[in-house]
file target-v8.csv (CSV, C-alpha atoms)
chain,number,residue,atom,x,y,z
A,251,MET,CA,-5.5,61.6,-44.6
A,252,ASN,CA,-8.8,60.7,-46.5
A,253,ILE,CA,-9.5,57.0,-45.8
A,254,PRO,CA,-12.7,55.6,-47.3
A,255,LEU,CA,-15.4,54.6,-44.7
A,256,GLU,CA,-15.4,50.9,-45.7
A,257,SER,CA,-11.6,50.7,-45.3
A,258,ARG,CA,-11.8,52.4,-41.9
A,259,THR,CA,-14.4,49.9,-40.6
A,260,LEU,CA,-12.2,47.0,-41.9
A,261,HIS,CA,-9.2,48.5,-40.1
A,262,LYS,CA,-11.1,49.0,-36.9
A,263,GLU,CA,-12.4,45.4,-36.9
A,264,ARG,CA,-8.9,44.1,-37.6
A,265,TYR,CA,-7.4,46.1,-34.7
A,266,MET,CA,-10.2,45.3,-32.4
A,267,PHE,CA,-9.4,41.6,-33.0
A,268,ILE,CA,-5.7,42.3,-32.3
A,269,LEU,CA,-6.6,44.0,-29.1
A,270,LEU,CA,-8.9,41.2,-28.0
A,271,PHE,CA,-6.3,38.6,-29.0
A,272,GLY,CA,-3.6,40.5,-27.0
A,273,LEU,CA,-5.9,40.7,-23.9
A,274,GLY,CA,-6.7,37.0,-24.2
A,275,LEU,CA,-3.0,36.1,-24.5
A,276,PHE,CA,-2.1,38.3,-21.5
A,277,LEU,CA,-4.9,36.9,-19.3
A,278,SER,CA,-4.1,33.2,-20.2
A,279,SER,CA,-0.4,33.9,-19.3
A,280,VAL,CA,-1.4,35.3,-16.0
A,281,ALA,CA,-3.7,32.4,-15.3
A,282,MET,CA,-1.1,29.8,-16.4
A,283,VAL,CA,1.6,31.3,-14.1
A,284,PHE,CA,-0.6,31.5,-11.0
A,285,ASN,CA,-2.0,28.1,-11.6
A,286,TYR,CA,1.5,26.7,-11.9
A,287,ILE,CA,2.5,28.4,-8.6
A,288,LEU,CA,-0.5,27.2,-6.8
A,289,GLU,CA,-0.2,23.6,-8.1
A,290,ASN,CA,3.4,23.5,-7.3
A,291,ARG,CA,2.9,24.7,-3.8
A,292,LYS,CA,0.0,22.2,-3.2
A,293,LEU,CA,2.2,19.3,-4.5
A,294,SER,CA,5.1,20.4,-2.3
A,295,TYR,CA,2.9,20.6,0.8
A,296,ASN,CA,1.2,17.3,-0.1
A,297,HIS,CA,4.6,15.6,-0.3
A,298,ALA,CA,5.8,17.0,2.9
A,299,ALA,CA,2.6,16.1,4.7
A,300,TYR,CA,2.7,12.6,3.3
A,301,ASP,CA,6.3,12.0,4.1
A,302,HIS,CA,5.8,13.2,7.6
A,303,HIS,CA,2.8,10.8,7.8
A,304,VAL,CA,5.0,7.9,6.6
A,305,MET,CA,7.6,8.7,9.2
A,306,LEU,CA,5.1,9.0,12.0
A,307,GLN,CA,3.6,5.6,11.1
A,308,ALA,CA,7.0,4.1,11.4
A,309,GLN,CA,7.5,5.8,14.8
A,310,LEU,CA,4.2,4.6,16.0
A,311,ALA,CA,4.9,1.0,14.9
A,312,LEU,CA,8.2,1.1,16.7
A,313,GLU,CA,6.7,2.6,19.9
A,314,ARG,CA,4.1,-0.2,19.9
A,315,LEU,CA,6.7,-2.9,19.4
A,316,VAL,CA,8.9,-1.6,22.2
A,317,GLY,CA,5.8,-1.4,24.4
A,318,ARG,CA,4.8,-5.0,23.6
A,319,MET,CA,8.4,-6.1,24.3
A,320,GLU,CA,8.3,-4.4,27.7
A,321,MET,CA,5.0,-6.1,28.4
A,322,ALA,CA,6.5,-9.4,27.3
A,323,THR,CA,9.2,-9.2,30.0
A,324,LEU,CA,6.4,-8.9,32.6
A,325,ALA,CA,3.7,-11.1,31.1
A,326,PRO,CA,4.9,-13.5,28.4
A,327,GLU,CA,1.3,-14.4,27.5
A,328,SER,CA,0.7,-10.9,26.3
A,329,THR,CA,2.8,-11.6,23.1
A,330,GLU,CA,-0.2,-13.4,21.6
A,331,ALA,CA,-2.8,-11.6,19.4
A,332,HIS,CA,-5.7,-10.3,21.5
A,333,ASP,CA,-8.6,-7.9,21.3
A,334,GLY,CA,-7.8,-7.0,17.7
A,335,ASN,CA,-4.2,-6.4,18.5
A,336,PRO,CA,-1.6,-8.2,16.5
A,337,SER,CA,0.8,-10.7,18.1
A,338,LEU,CA,4.3,-9.6,19.0
A,339,GLN,CA,5.6,-11.4,15.9
A,340,GLU,CA,3.1,-9.6,13.7
A,341,GLN,CA,3.9,-6.2,15.4
A,342,LEU,CA,7.6,-6.9,14.6
A,343,GLU,CA,6.7,-7.5,10.9
A,344,ILE,CA,4.4,-4.4,10.8
A,345,THR,CA,7.3,-2.3,12.1
A,346,TRP,CA,9.7,-3.9,9.6
A,347,SER,CA,7.4,-3.0,6.8
A,348,ARG,CA,6.9,0.6,8.0
A,349,PHE,CA,10.7,1.1,8.1
A,350,SER,CA,11.1,-0.4,4.6
A,351,ASP,CA,8.8,2.4,3.4
A,352,LEU,CA,11.5,4.8,4.4
A,353,ASN,CA,14.1,3.2,2.2
A,354,GLN,CA,12.3,1.2,-0.6
A,355,GLY,CA,9.9,2.1,-3.3
A,356,GLU,CA,9.2,5.2,-5.4
A,357,ASN,CA,8.1,7.2,-2.3
A,358,ALA,CA,11.4,6.6,-0.5
A,359,GLU,CA,13.3,8.3,-3.4
A,360,ARG,CA,12.4,11.6,-1.7
A,361,LEU,CA,12.9,10.3,1.8
A,362,ARG,CA,16.3,9.0,1.0
A,363,GLN,CA,17.4,12.6,0.5
A,364,ILE,CA,17.0,13.2,4.2
A,365,GLN,CA,20.5,12.8,5.7
A,366,GLY,CA,21.0,9.7,7.7
A,367,LEU,CA,17.4,8.5,7.5
A,368,GLU,CA,18.1,5.5,5.2
A,369,SER,CA,21.0,4.3,7.4
A,370,LEU,CA,18.9,4.6,10.6
A,371,SER,CA,16.0,2.8,9.0
A,372,ARG,CA,18.3,-0.1,7.9
A,373,SER,CA,19.7,-0.2,11.5
A,374,VAL,CA,16.2,-0.6,12.8
A,375,GLN,CA,15.4,-3.4,10.3
A,376,LYS,CA,18.7,-5.2,11.2
A,377,ALA,CA,17.7,-5.0,14.9
A,378,LEU,CA,14.2,-6.4,14.0
A,379,ASP,CA,15.8,-9.3,12.1
A,380,GLU,CA,17.9,-10.1,15.2
A,381,LEU,CA,14.7,-9.9,17.4
A,382,GLU,CA,12.9,-12.2,15.0
A,383,ASN,CA,15.6,-14.8,15.3
A,384,HIS,CA,15.0,-14.8,19.0
A,385,LEU,CA,11.3,-15.0,18.6
A,386,LEU,CA,11.5,-17.9,16.2
A,387,LEU,CA,13.1,-20.0,18.9
A,388,GLY,CA,10.7,-22.8,20.0
A,389,GLN,CA,10.1,-21.2,23.5
A,390,PRO,CA,11.5,-17.7,23.4
A,391,ASP,CA,12.6,-16.5,26.8
A,392,TYR,CA,11.4,-12.9,27.2
A,393,ARG,CA,13.4,-12.4,30.4
A,394,ALA,CA,16.7,-13.6,28.9
A,395,GLU,CA,19.6,-11.2,28.7
A,396,ALA,CA,19.6,-11.4,24.9
A,397,PHE,CA,15.9,-10.2,24.7
A,398,ILE,CA,16.5,-7.4,27.2
A,399,GLN,CA,19.5,-6.2,25.1
A,400,GLN,CA,17.4,-6.2,22.0
A,401,LEU,CA,14.7,-4.2,23.8
A,402,GLY,CA,17.4,-1.7,24.9
A,403,LYS,CA,18.7,-1.4,21.3
A,404,LEU,CA,15.3,-0.8,19.8
A,405,SER,CA,14.5,1.7,22.5
A,406,ALA,CA,17.7,3.7,21.7
A,407,LEU,CA,16.9,3.6,18.0
A,408,LYS,CA,13.4,4.7,18.7
A,409,GLN,CA,14.6,7.8,20.6
A,410,ASP,CA,17.1,8.5,17.9
A,411,PHE,CA,14.4,8.3,15.2
A,412,THR,CA,12.0,10.5,17.2
A,413,ARG,CA,14.5,13.1,18.2
A,414,ASN,CA,16.2,13.5,14.8
A,415,TYR,CA,13.5,12.9,12.3
A,416,THR,CA,9.8,12.7,13.3
A,417,SER,CA,10.1,15.7,15.6
A,418,LEU,CA,11.4,17.9,12.8
A,419,PRO,CA,8.9,20.5,11.6
A,420,THR,CA,8.1,19.6,8.0
A,421,ARG,CA,9.4,23.0,6.8
A,422,LEU,CA,12.9,21.7,7.7
A,423,PHE,CA,12.6,18.7,5.5
A,424,PRO,CA,15.5,18.9,3.1
A,425,LEU,CA,13.2,17.4,0.6
A,426,GLN,CA,10.8,20.3,0.7
A,427,ASN,CA,13.6,22.9,0.6
A,428,GLU,CA,15.0,21.2,-2.5
A,429,GLN,CA,11.6,21.1,-4.1
A,430,LEU,CA,10.9,24.7,-3.3
A,431,GLU,CA,14.3,25.7,-4.7
A,432,LYS,CA,13.5,23.9,-7.9
A,433,ALA,CA,10.1,25.4,-8.0
A,434,HIS,CA,11.5,28.9,-7.5
A,435,TYR,CA,14.0,28.4,-10.4
A,436,GLN,CA,11.1,27.3,-12.7
A,437,GLN,CA,9.0,30.2,-11.4
A,438,TYR,CA,11.6,32.7,-12.7
A,439,TRP,CA,11.2,31.2,-16.2
A,440,TYR,CA,7.4,31.5,-15.9
A,441,TYR,CA,7.7,35.1,-14.7
A,442,ALA,CA,10.1,35.8,-17.7
A,443,GLY,CA,7.5,34.3,-20.0
A,444,LEU,CA,4.8,36.5,-18.4
A,445,LEU,CA,6.9,39.6,-18.8
A,446,ILE,CA,7.6,38.9,-22.5
A,447,SER,CA,4.0,38.2,-23.3
A,448,SER,CA,3.0,41.4,-21.5
A,449,LEU,CA,5.5,43.3,-23.6
A,450,ILE,CA,4.2,41.7,-26.8
A,451,VAL,CA,0.6,42.6,-25.7
A,452,LEU,CA,1.7,46.2,-24.9
A,453,LEU,CA,3.3,46.6,-28.3
A,454,LEU,CA,0.2,45.2,-30.0
A,455,TYR,CA,-1.9,47.7,-28.1
A,456,VAL,CA,0.3,50.6,-28.9
A,457,SER,CA,0.3,49.7,-32.6
A,458,ALA,CA,-3.4,49.1,-32.6
A,459,ILE,CA,-4.3,52.3,-30.8
A,460,ARG,CA,-2.0,54.3,-33.2
A,461,HIS,CA,-3.8,52.8,-36.2
A,462,LEU,CA,-7.2,53.4,-34.7
A,463,ILE,CA,-6.3,57.0,-34.1
A,464,ARG,CA,-5.0,57.4,-37.6
A,465,CYS,CA,-8.2,55.9,-39.0
A,466,GLN,CA,-10.4,58.4,-37.3
B,58,MET,CA,-32.1,-32.8,-33.9
B,59,SER,CA,-33.1,-29.2,-34.3
B,60,ILE,CA,-35.2,-29.3,-31.1
B,61,ILE,CA,-32.6,-31.2,-29.0
B,62,GLN,CA,-29.8,-28.6,-29.6
B,63,PRO,CA,-31.6,-25.5,-28.3
B,64,SER,CA,-32.9,-27.6,-25.4
B,65,LEU,CA,-29.4,-28.7,-24.5
B,66,LEU,CA,-28.2,-25.1,-24.7
B,67,LEU,CA,-31.0,-23.9,-22.5
B,68,LEU,CA,-30.3,-26.7,-20.0
B,69,LEU,CA,-26.6,-25.7,-19.9
B,70,LEU,CA,-27.4,-22.0,-19.4
B,71,CYS,CA,-29.8,-22.8,-16.6
B,72,SER,CA,-27.3,-25.0,-14.8
B,73,TYR,CA,-24.6,-22.3,-15.2
B,74,ALA,CA,-27.0,-19.7,-13.8
B,75,SER,CA,-28.0,-21.8,-10.9
B,76,ALA,CA,-24.4,-22.6,-10.1
B,77,ILE,CA,-23.6,-18.9,-10.0
B,78,TYR,CA,-26.7,-18.3,-7.9
B,79,ALA,CA,-25.8,-21.1,-5.6
B,80,THR,CA,-22.2,-19.8,-5.1
B,81,ASP,CA,-23.5,-16.4,-4.2
B,82,THR,CA,-26.2,-17.5,-1.9
B,83,MET,CA,-24.8,-20.6,-0.2
B,84,PRO,CA,-24.0,-20.2,3.5
B,85,LEU,CA,-20.5,-19.0,4.3
B,86,GLU,CA,-18.3,-21.9,5.4
B,87,LYS,CA,-16.4,-21.8,8.7
B,88,THR,CA,-12.7,-20.8,8.5
B,89,THR,CA,-10.2,-23.6,9.0
B,90,GLY,CA,-7.0,-21.7,8.7
B,91,LYS,CA,-5.8,-18.4,10.2
B,92,VAL,CA,-8.4,-15.7,9.9
B,93,ILE,CA,-7.0,-12.9,7.7
B,94,LEU,CA,-10.2,-10.9,7.1
B,95,SER,CA,-13.2,-10.1,9.2
B,96,ILE,CA,-16.3,-8.3,7.8
B,97,SER,CA,-19.0,-6.8,9.9
B,98,GLY,CA,-22.0,-4.4,9.5
B,99,LYS,CA,-24.8,-4.6,6.9
B,100,ILE,CA,-24.2,-8.2,5.7
B,101,GLU,CA,-26.5,-11.2,5.2
B,102,GLN,CA,-23.9,-14.0,5.2
B,103,THR,CA,-22.0,-14.6,8.4
B,104,ASN,CA,-20.0,-17.5,9.9
B,105,THR,CA,-19.3,-16.5,13.5
B,106,ALA,CA,-21.5,-16.2,16.6
B,107,ASP,CA,-21.1,-12.5,16.7
B,108,LYS,CA,-22.5,-12.1,13.1
B,109,HIS,CA,-19.2,-11.5,11.3
B,110,ALA,CA,-18.0,-12.9,8.0
B,111,GLU,CA,-14.5,-14.3,8.5
B,112,PHE,CA,-12.2,-15.5,5.7
B,113,ASP,CA,-9.0,-17.4,5.7
B,114,LEU,CA,-6.7,-17.5,2.7
B,115,ALA,CA,-8.2,-20.7,1.3
B,116,MET,CA,-11.7,-19.3,1.2
B,117,LEU,CA,-10.5,-16.2,-0.6
B,118,GLU,CA,-8.6,-18.3,-3.1
B,119,LYS,CA,-11.7,-20.3,-3.9
B,120,MET,CA,-13.3,-17.1,-5.3
B,121,PRO,CA,-12.7,-15.8,-8.8
B,122,GLN,CA,-9.2,-14.2,-9.0
B,123,THR,CA,-8.4,-10.9,-10.6
B,124,GLN,CA,-5.0,-9.6,-11.6
B,125,ILE,CA,-3.9,-6.0,-11.5
B,126,ASN,CA,-0.6,-4.8,-13.0
B,127,THR,CA,0.3,-1.5,-11.6
B,128,THR,CA,3.1,0.6,-10.0
B,129,THR,CA,2.7,1.8,-6.4
B,130,ARG,CA,4.5,4.5,-4.4
B,131,TRP,CA,5.9,1.8,-2.1
B,132,THR,CA,7.3,-0.6,-4.6
B,133,GLN,CA,9.8,-0.3,-7.4
B,134,GLY,CA,8.7,-0.9,-10.9
B,135,LEU,CA,5.6,-2.6,-12.3
B,136,GLN,CA,4.0,-5.1,-9.9
B,137,SER,CA,1.5,-7.8,-10.5
B,138,PHE,CA,-1.2,-8.2,-7.8
B,139,VAL,CA,-3.6,-11.1,-7.6
B,140,GLY,CA,-6.7,-11.2,-5.4
B,141,VAL,CA,-10.4,-11.1,-5.2
B,142,LYS,CA,-12.5,-8.2,-6.4
B,143,VAL,CA,-14.1,-6.3,-3.4
B,144,SER,CA,-17.4,-6.3,-5.4
B,145,ASP,CA,-17.3,-10.1,-5.6
B,146,LEU,CA,-16.6,-10.3,-1.9
B,147,LEU,CA,-19.4,-8.0,-1.0
B,148,LYS,CA,-21.8,-10.0,-3.3
B,149,ARG,CA,-20.7,-13.2,-1.6
B,150,ILE,CA,-21.6,-12.0,1.9
B,151,GLY,CA,-24.8,-10.2,0.7
B,152,ALA,CA,-23.5,-6.7,1.7
B,153,GLN,CA,-26.3,-4.1,1.7
B,154,GLY,CA,-24.4,-0.9,2.5
B,155,THR,CA,-22.9,1.8,0.3
B,156,LYS,CA,-19.8,2.7,2.4
B,157,ILE,CA,-17.0,0.7,3.9
B,158,ASP,CA,-14.7,1.5,6.9
B,159,ALA,CA,-11.4,-0.4,6.4
B,160,THR,CA,-8.9,-1.0,9.2
B,161,ALA,CA,-5.5,-2.6,9.0
B,162,LEU,CA,-3.8,-5.0,11.4
B,163,ASP,CA,-1.9,-2.1,13.0
B,164,GLY,CA,-5.1,-0.1,13.6
B,165,TYR,CA,-4.6,2.2,10.6
B,166,THR,CA,-8.0,3.4,9.3
B,167,ALA,CA,-8.4,4.6,5.8
B,168,PRO,CA,-10.8,7.4,4.6
B,169,THR,CA,-14.3,5.9,4.2
B,170,LEU,CA,-14.5,3.8,1.0
B,171,ASP,CA,-17.3,4.0,-1.5
B,172,VAL,CA,-18.9,0.7,-2.6
B,173,GLU,CA,-19.7,2.3,-6.0
B,174,GLN,CA,-16.0,3.3,-6.5
B,175,MET,CA,-14.9,-0.3,-5.6
B,176,GLN,CA,-17.1,-1.6,-8.5
B,177,LYS,CA,-16.2,1.2,-10.9
B,178,TYR,CA,-12.4,0.7,-10.6
B,179,ASN,CA,-12.5,-3.1,-9.9
B,180,VAL,CA,-10.6,-2.7,-6.7
B,181,ILE,CA,-9.2,-6.0,-5.4
B,182,LEU,CA,-8.0,-7.4,-2.1
B,183,ALA,CA,-4.6,-8.7,-3.2
B,184,TYR,CA,-3.0,-11.7,-1.5
B,185,LYS,CA,-0.3,-12.3,-4.0
B,186,ARG,CA,2.3,-9.9,-5.3
B,187,ASN,CA,4.5,-11.0,-8.3
B,188,GLY,CA,3.4,-14.6,-7.8
B,189,ASN,CA,4.2,-14.8,-4.1
B,190,TYR,CA,1.9,-14.7,-1.1
B,191,MET,CA,2.5,-11.5,0.9
B,192,ARG,CA,3.9,-11.8,4.4
B,193,VAL,CA,3.0,-9.1,6.9
B,194,ARG,CA,6.4,-7.5,6.3
B,195,ASP,CA,5.6,-7.5,2.6
B,196,LYS,CA,2.5,-5.5,3.3
B,197,GLY,CA,0.3,-8.6,3.4
B,198,PRO,CA,-1.5,-10.8,4.0
B,199,LEU,CA,-4.1,-8.5,2.2
B,200,TRP,CA,-3.4,-5.3,0.4
B,201,MET,CA,-6.3,-3.3,-1.1
B,202,MET,CA,-5.2,-2.4,-4.6
B,203,TYR,CA,-6.6,0.0,-7.1
B,204,PRO,CA,-5.5,-0.2,-10.8
B,205,VAL,CA,-3.9,3.2,-10.4
B,206,ASP,CA,-1.8,3.0,-13.5
B,207,ASP,CA,-5.0,2.7,-15.6
B,208,TYR,CA,-6.4,5.8,-14.1
B,209,PRO,CA,-3.9,8.7,-14.0
B,210,HIS,CA,-6.2,10.8,-11.8
B,211,LEU,CA,-6.1,8.1,-9.1
B,212,LYS,CA,-2.3,8.0,-9.2
B,213,SER,CA,-2.1,11.7,-8.4
B,214,ASP,CA,-5.0,11.7,-5.9
B,215,ILE,CA,-3.6,11.7,-2.4
B,216,GLN,CA,-6.9,10.4,-0.9
B,217,THR,CA,-6.7,7.3,-3.2
B,218,GLN,CA,-3.1,6.7,-2.0
B,219,TYR,CA,-4.4,6.6,1.6
B,220,LYS,CA,-7.0,4.0,0.5
B,221,LEU,CA,-4.4,1.5,-0.7
B,222,ILE,CA,-4.4,-0.2,2.7
B,223,TRP,CA,-1.9,-2.9,3.4
B,224,HIS,CA,-2.2,-5.4,6.3
B,225,LEU,CA,-5.9,-5.0,5.7
B,226,ARG,CA,-7.8,-6.9,8.5
B,227,TYR,CA,-11.3,-5.5,9.1
B,228,LEU,CA,-14.1,-4.2,6.9
B,229,ASP,CA,-17.2,-2.6,8.3
B,230,ILE,CA,-20.1,-2.2,5.8
B,231,LYS,CA,-22.3,0.8,6.4

call {"tool": "encode", "arguments": {"input": "target-v8.csv", "output": "structure tokens"}}
result
Amino acid sequence: MNIPLESRTLHKERYMFILLFGLGLFLSSVAMVFNYILENRKLSYNHAAYDHHVMLQAQLALERLVGRMEMATLAPESTEAHDGNPSLQEQLEITWSRFSDLNQGENAERLRQIQGLESLSRSVQKALDELENHLLLGQPDYRAEAFIQQLGKLSALKQDFTRNYTSLPTRLFPLQNEQLEKAHYQQYWYYAGLLISSLIVLLLYVSAIRHLIRCQ
Amino acid sequence: MSIIQPSLLLLLLCSYASAIYATDTMPLEKTTGKVILSISGKIEQTNTADKHAEFDLAMLEKMPQTQINTTTRWTQGLQSFVGVKVSDLLKRIGAQGTKIDATALDGYTAPTLDVEQMQKYNVILAYKRNGNYMRVRDKGPLWMMYPVDDYPHLKSDIQTQYKLIWHLRYLDIK
């Protein structure tokens, strides 16, 4: 075929543009997919780490409260605030607020998916309310049977919470499993998109190369 | 008449400026109520023997109030927080440092805070949420609040989330 020189150059430029456009499309698809996977993984691990942190904070607050209650049975004066430590009443409220983080607010929407956690945290809050009623008495008796019973109840709840929730490795959080499942599902779509864009790019290349060969 | 008016205006401006200067430089009064915030470190104004600046709720309420409407991870829906700007508080005590270590009532310590960031984002120490004073169980009496809804990057930044300290009790200026 006898193609004029000017037309050949025009064809070549056009197909070089197609080739570059195809390469750009392919590279951006790859970058997009890998960025998505990385971001998703980061978010998932961030959530798992943060949720574990929230649960550990609750455990720590409960441990401290139980410790303060044990001290109170031996030395009632230790219930006051001292050396930067909150009073027993304040420690109770701190613990209450830490457990409310497990069942209230936007963050707890994920935590509520952990089986039994919401009900356990509400049981702790109920026990704390009962303890508060005792503390609000004019002269609370820290050696009274009622106080000792509340101490026993909170100790049992603490053990339950530690054994069944905070000791769990984060990889076992139902939350993360669910998130990963969702992410895997979305990843299939991204991979499909990548495959389609690769095929388009391949077709563009084949067609461009064929035309370039024909032009020469 | 034409001379009197500018003179009056000048007088008013001077008295306003001196009032602001006086508020910022006047010695910090002693607390009368329960101490809810203690500040130590590089500060000029103190009100305790061990060179700390202590505040009760009434003292904080006397300072200019700022409102932040935002959502948080630990609450449901839009919340209205009222409190004092950290920058105003630092000015009041003549803080000289650039970093702040903040500790909560339960011993929680946040990542070190940047004074510049406090000014940039108008961070407040909130003592009221939705019109009510916050009890300890409501994450009070002080909750450090960033206007996270106004800055989407703050909302997604995990480090900022760790800095929204509730039960805030101690600030150490460095």

call {"tool": "closest_residue", "arguments": {"input": "target-v8.csv", "among": "B:Leu182, B:Ile215, B:Val205, B:Met191", "to": "chain A", "atoms": "only C-alpha atoms"}}
result
B:Ile215

call {"tool": "residues_near_point", "arguments": {"input": "target-v8.csv", "point": "(11.3, 10.5, 1.1)", "cutoff": "10 Å", "atoms": "all atoms listed in the file", "output": "list in words"}}
result
His297, Ala298, Tyr300, Asp301, His302, Val304, Met305, Asp351, Leu352, Asn353, Gln354, Gly355, Glu356, Asn357, Ala358, Glu359, Arg360, Leu361, Arg362, Gln363, Ile364, Leu367, Glu368, Phe423, Pro424, Leu425 and Gln426 of chain A

call {"tool": "write_last_selection", "arguments": {"input": "target-v8.csv", "atoms": "C-alpha atoms", "output": "mmCIF file, in the frame of the given file"}}
result
data_model
loop_
_atom_site.group_PDB
_atom_site.id
_atom_site.type_symbol
_atom_site.label_atom_id
_atom_site.label_comp_id
_atom_site.auth_asym_id
_atom_site.auth_seq_id
_atom_site.Cartn_x
_atom_site.Cartn_y
_atom_site.Cartn_z
ATOM 1 C CA HIS A 297 4.600 15.600 -0.300
ATOM 2 C CA ALA A 298 5.800 17.000 2.900
ATOM 3 C CA TYR A 300 2.700 12.600 3.300
ATOM 4 C CA ASP A 301 6.300 12.000 4.100
ATOM 5 C CA HIS A 302 5.800 13.200 7.600
ATOM 6 C CA VAL A 304 5.000 7.900 6.600
ATOM 7 C CA MET A 305 7.600 8.700 9.200
ATOM 8 C CA ASP A 351 8.800 2.400 3.400
ATOM 9 C CA LEU A 352 11.500 4.800 4.400
ATOM 10 C CA ASN A 353 14.100 3.200 2.200
ATOM 11 C CA GLN A 354 12.300 1.200 -0.600
ATOM 12 C CA GLY A 355 9.900 2.100 -3.300
ATOM 13 C CA GLU A 356 9.200 5.200 -5.400
ATOM 14 C CA ASN A 357 8.100 7.200 -2.300
ATOM 15 C CA ALA A 358 11.400 6.600 -0.500
ATOM 16 C CA GLU A 359 13.300 8.300 -3.400
ATOM 17 C CA ARG A 360 12.400 11.600 -1.700
ATOM 18 C CA LEU A 361 12.900 10.300 1.800
ATOM 19 C CA ARG A 362 16.300 9.000 1.000
ATOM 20 C CA GLN A 363 17.400 12.600 0.500
ATOM 21 C CA ILE A 364 17.000 13.200 4.200
ATOM 22 C CA LEU A 367 17.400 8.500 7.500
ATOM 23 C CA GLU A 368 18.100 5.500 5.200
ATOM 24 C CA PHE A 423 12.600 18.700 5.500
ATOM 25 C CA PRO A 424 15.500 18.900 3.100
ATOM 26 C CA LEU A 425 13.200 17.400 0.600
ATOM 27 C CA GLN A 426 10.800 20.300 0.700
#

call {"tool": "residues_around", "arguments": {"input": "target-v8.csv", "residues": "Phe138 in chain B", "least_positions_apart": "2", "cutoff": "8 Å", "atoms": "all atoms listed in the file", "output": "list of chain:residue names"}}
result
B:Gln124, B:Ile125, B:Asn126, B:Thr127, B:Gln136, B:Gly140, B:Ala183, B:Tyr184, B:Lys185, B:Arg186, B:Asn187, B:Gly188, B:Met202

call {"tool": "atom_distance", "arguments": {"input": "target-v8.csv", "atom1": "CA of Lys99 in chain B", "atom2": "CA of Gln153 in chain B"}}
result
5.4 Å

call {"tool": "interface_residues", "arguments": {"input": "target-v8.csv", "of": "chain B", "to": "chain A", "cutoff": "8 Å", "atoms": "all atoms listed in the file", "output": "MDAnalysis selection string"}}
result
chainID B and resid 129:133 162:163 193:196 215

call {"tool": "closest_residue", "arguments": {"input": "target-v8.csv", "among": "B:Ser95, B:Gln176, B:Ser137, B:Thr155", "to": "Asn189 in chain B", "atoms": "only C-alpha atoms"}}
result
B:Ser137

call {"tool": "residues_around", "arguments": {"input": "target-v8.csv", "residues": "Gly154 in chain B", "least_positions_apart": "4", "cutoff": "12 Å", "atoms": "all atoms listed in the file", "output": "NGL selection string"}}
result
:B and (97-101 or 144 or 147-148 or 150 or 158 or 170-173 or 228-231)

call {"tool": "write_last_selection", "arguments": {"input": "target-v8.csv", "atoms": "C-alpha atoms", "output": "short mmCIF file (atom, residue, chain, number, x, y, z; two decimals), in the coordinates of the input"}}
result
data_model
loop_
_atom_site.label_atom_id
_atom_site.label_comp_id
_atom_site.auth_asym_id
_atom_site.auth_seq_id
_atom_site.Cartn_x
_atom_site.Cartn_y
_atom_site.Cartn_z
CA SER B 97 -19.00 -6.80 9.90
CA GLY B 98 -22.00 -4.40 9.50
CA LYS B 99 -24.80 -4.60 6.90
CA ILE B 100 -24.20 -8.20 5.70
CA GLU B 101 -26.50 -11.20 5.20
CA SER B 144 -17.40 -6.30 -5.40
CA LEU B 147 -19.40 -8.00 -1.00
CA LYS B 148 -21.80 -10.00 -3.30
CA ILE B 150 -21.60 -12.00 1.90
CA ASP B 158 -14.70 1.50 6.90
CA LEU B 170 -14.50 3.80 1.00
CA ASP B 171 -17.30 4.00 -1.50
CA VAL B 172 -18.90 0.70 -2.60
CA GLU B 173 -19.70 2.30 -6.00
CA LEU B 228 -14.10 -4.20 6.90
CA ASP B 229 -17.20 -2.60 8.30
CA ILE B 230 -20.10 -2.20 5.80
CA LYS B 231 -22.30 0.80 6.40
#

call {"tool": "residues_around", "arguments": {"input": "target-v8.csv", "residues": "Phe397 in chain A", "least_positions_apart": "3", "cutoff": "12 Å", "atoms": "all atoms listed in the file", "output": "list in words"}}
result
Val316, Met319, Glu320, Ala322, Thr323, Ala377, Leu378, Glu380, Leu381, Glu382, Asn383, His384, Leu385, Leu387, Pro390, Asp391, Tyr392, Arg393, Ala394, Gln400, Leu401, Gly402, Lys403 and Leu404 of chain A

call {"tool": "atom_distance", "arguments": {"input": "target-v8.csv", "atom1": "CA of Ile450 in chain A", "atom2": "CA of Arg264 in chain A"}}
result
17.1 Å

call {"tool": "atom_distance", "arguments": {"input": "target-v8.csv", "atom1": "CA of Gly366 in chain A", "atom2": "CA of Thr412 in chain A"}}
result
13.1 Å

call {"tool": "residues_around", "arguments": {"input": "target-v8.csv", "residues": "Tyr208 in chain B", "least_positions_apart": "6", "cutoff": "12 Å", "atoms": "all atoms listed in the file", "output": "list in words"}}
result
Thr127, Thr128, Lys177, Tyr178, Asn179, Asp214 and Thr217 of chain B

call {"tool": "residues_around", "arguments": {"input": "target-v8.csv", "residues": "Pro168 in chain B", "least_positions_apart": "4", "cutoff": "8 Å", "atoms": "only C-alpha atoms", "output": "mmCIF file with C-alpha atoms, keeping the file's coordinate frame"}}
result
data_model
loop_
_atom_site.group_PDB
_atom_site.id
_atom_site.type_symbol
_atom_site.label_atom_id
_atom_site.label_comp_id
_atom_site.auth_asym_id
_atom_site.auth_seq_id
_atom_site.Cartn_x
_atom_site.Cartn_y
_atom_site.Cartn_z
ATOM 1 C CA ASP B 158 -14.700 1.500 6.900
ATOM 2 C CA GLN B 216 -6.900 10.400 -0.900
ATOM 3 C CA TYR B 219 -4.400 6.600 1.600
ATOM 4 C CA LYS B 220 -7.000 4.000 0.500
#

call {"tool": "closest_residue", "arguments": {"input": "target-v8.csv", "among": "B:His109, B:Lys119, B:Lys142, B:Lys91", "to": "Pro204 in chain B", "atoms": "all atoms listed in the file"}}
result
B:Lys142
